[in-house]
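**Q** There's a structure below that I have some questions on.
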Amino acid sequence: MAKIAAVVTLSKDDVSGGAPIFVAANREELEKTALLLEKTLDCAAHQVNETLFVIVDHRAQNG
């Protein structure tokens with residue numbers, strides 16, 4: 001199963017859990033942070049809605 005490596009959001013009140021949560025100040029920062037984490041962590045950024053991205057490590061499936 002894939003692992004959520006991080007969450008990037010505009011509203012911290014909308015998320016919780018064990019993954020690191022990055023709160024962006026605006027839409028531009030939201031996208032920039034998600035793409036930076038995607039590249040840095042060698043993961044995939046998935047947009048859930050207008051205010052939320054999840055950064056997923058699909059390599060976790062293989063061990």
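Following the order of the structure tokens, chains are lettered A, B, ..., residues in each are numbered from 1, and ligands are numbered from 1.
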If you count only C-alpha atoms, which residues fall within 12 Å of Glu28 in chain A, apart from same-chain ones fewer than 4 positions away, as a list in words?

**A**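 Returned residues: Val8, Thr9, Leu10, Ala24, Lys32, Thr33, Ala34, Leu35, Glu50 and Thr51 of chain A.
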
**Q** Show me, as a count of residues only, the residues that have an atom within 12 Å of Gly18 in chain A when counting only C-alpha atoms, minus same-chain residues fewer than 6 positions from it.

**A** 5

**Q** If you run DSSP on the backbone here, which positions in chain A get helix (DSSP H, G or I)? Please write them as a VMD selection string.

**A** chain A and resid 12 to 14 27 to 41 58 to 62

**Q** Looking at only C-alpha atoms, which of A:Leu36, A:Ala2, A:Val15, A:Leu41 is the one that sits closest to Arg59 in chain A?

**A**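 Result for the nearest residue to Arg59 in chain A: A:Ala2.
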
**Q** At what distance in Å, to one decimal, does CA of His58 in chain A lie from CA of Ala25 in chain A?

**A**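 Taking CA of Ala25 in chain A as the start and CA of His58 in chain A as the end point, the length is 27.6 Å.
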
**Q** Between CA of Asp13 in chain A and CA of Asp42 in chain A, measure the distance and give it in Å to one decimal.

**A**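 Computing the Euclidean distance for CA of Asp13 in chain A and CA of Asp42 in chain A yields 27.0 Å.
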
**Q** So, counting only C-alpha atoms, which residue among A:Cys43, A:Ser11, A:Met1, A:Ile55 is closest to Arg27 in chain A?

**A**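 When distances to Arg27 in chain A are compared using only C-alpha atoms, the smallest one comes from A:Ser11.
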
**Q** Hey, which of A:Asp57, A:Asn26, A:Lys12, A:Ile21 ends up closest to Ala45 in chain A? Count only C-alpha atoms.

**A**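 When distances to Ala45 in chain A are compared using only C-alpha atoms, the smallest one comes from A:Asp57.
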
**Q** As an mmCIF file with N, CA and C atoms, in the first residue's frame, please: every residue in chain A that DSSP puts in strand (DSSP E or B).

**A**
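The new file states.cif reads:
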```
data_model
loop_
_atom_site.group_PDB
_atom_site.id
_atom_site.type_symbol
_atom_site.label_atom_id
_atom_site.label_comp_id
_atom_site.auth_asym_id
_atom_site.auth_seq_id
_atom_site.Cartn_x
_atom_site.Cartn_y
_atom_site.Cartn_z
ATOM 1 N N LYS A 3 2.056 5.118 0.801
ATOM 2 C CA LYS A 3 2.103 5.837 2.066
ATOM 3 C C LYS A 3 1.980 7.339 1.805
ATOM 4 N N ILE A 4 1.163 8.019 2.595
ATOM 5 C CA ILE A 4 1.078 9.470 2.500
ATOM 6 C C ILE A 4 2.295 10.041 3.207
ATOM 7 N N ALA A 5 3.148 10.719 2.433
ATOM 8 C CA ALA A 5 4.393 11.261 2.968
ATOM 9 C C ALA A 5 4.190 12.650 3.564
ATOM 10 N N ALA A 6 3.226 13.410 3.043
ATOM 11 C CA ALA A 6 2.970 14.766 3.533
ATOM 12 C C ALA A 6 1.627 15.254 3.010
ATOM 13 N N VAL A 7 1.147 16.326 3.620
ATOM 14 C CA VAL A 7 -0.087 16.980 3.212
ATOM 15 C C VAL A 7 0.218 18.464 3.086
ATOM 16 N N VAL A 8 -0.269 19.086 2.016
ATOM 17 C CA VAL A 8 -0.117 20.528 1.821
ATOM 18 C C VAL A 8 -1.515 21.121 1.715
ATOM 19 N N THR A 9 -1.804 22.112 2.527
ATOM 20 C CA THR A 9 -3.156 22.642 2.603
ATOM 21 C C THR A 9 -3.174 24.158 2.773
ATOM 22 N N ILE A 21 2.229 18.097 7.977
ATOM 23 C CA ILE A 21 1.252 19.001 7.361
ATOM 24 C C ILE A 21 1.927 20.340 7.091
ATOM 25 N N PHE A 22 1.892 20.769 5.836
ATOM 26 C CA PHE A 22 2.442 22.058 5.435
ATOM 27 C C PHE A 22 1.274 22.979 5.114
ATOM 28 N N VAL A 23 1.236 24.135 5.765
ATOM 29 C CA VAL A 23 0.148 25.085 5.561
ATOM 30 C C VAL A 23 0.661 26.230 4.686
ATOM 31 N N ALA A 44 4.707 11.451 -5.464
ATOM 32 C CA ALA A 44 3.721 12.006 -6.393
ATOM 33 C C ALA A 44 2.792 12.951 -5.637
ATOM 34 N N ALA A 45 2.549 14.121 -6.213
ATOM 35 C CA ALA A 45 1.618 15.081 -5.629
ATOM 36 C C ALA A 45 0.251 14.881 -6.270
ATOM 37 N N HIS A 46 -0.758 14.691 -5.436
ATOM 38 C CA HIS A 46 -2.121 14.489 -5.925
ATOM 39 C C HIS A 46 -3.012 15.593 -5.359
ATOM 40 N N GLN A 47 -3.673 16.332 -6.242
ATOM 41 C CA GLN A 47 -4.578 17.381 -5.801
ATOM 42 C C GLN A 47 -5.915 16.760 -5.437
ATOM 43 N N VAL A 48 -6.312 16.918 -4.193
ATOM 44 C CA VAL A 48 -7.575 16.372 -3.702
ATOM 45 C C VAL A 48 -8.715 17.336 -3.999
ATOM 46 N N ASN A 49 -8.463 18.617 -3.765
ATOM 47 C CA ASN A 49 -9.432 19.667 -4.091
ATOM 48 C C ASN A 49 -8.667 20.982 -4.235
ATOM 49 N N LEU A 52 -6.131 21.436 -1.158
ATOM 50 C CA LEU A 52 -5.428 20.313 -0.540
ATOM 51 C C LEU A 52 -4.688 19.435 -1.544
ATOM 52 N N PHE A 53 -3.416 19.176 -1.263
ATOM 53 C CA PHE A 53 -2.613 18.195 -1.997
ATOM 54 C C PHE A 53 -2.136 17.143 -1.007
ATOM 55 N N VAL A 54 -2.077 15.903 -1.433
ATOM 56 C CA VAL A 54 -1.404 14.863 -0.661
ATOM 57 C C VAL A 54 -0.178 14.432 -1.452
ATOM 58 N N ILE A 55 0.910 14.221 -0.746
ATOM 59 C CA ILE A 55 2.152 13.773 -1.342
ATOM 60 C C ILE A 55 2.266 12.293 -1.011
ATOM 61 N N VAL A 56 2.258 11.450 -2.048
ATOM 62 C CA VAL A 56 2.165 9.999 -1.859
ATOM 63 C C VAL A 56 3.440 9.314 -2.318
ATOM 64 N N ASP A 57 3.942 8.430 -1.457
ATOM 65 C CA ASP A 57 5.114 7.616 -1.780
ATOM 66 C C ASP A 57 4.609 6.261 -2.262
#
```
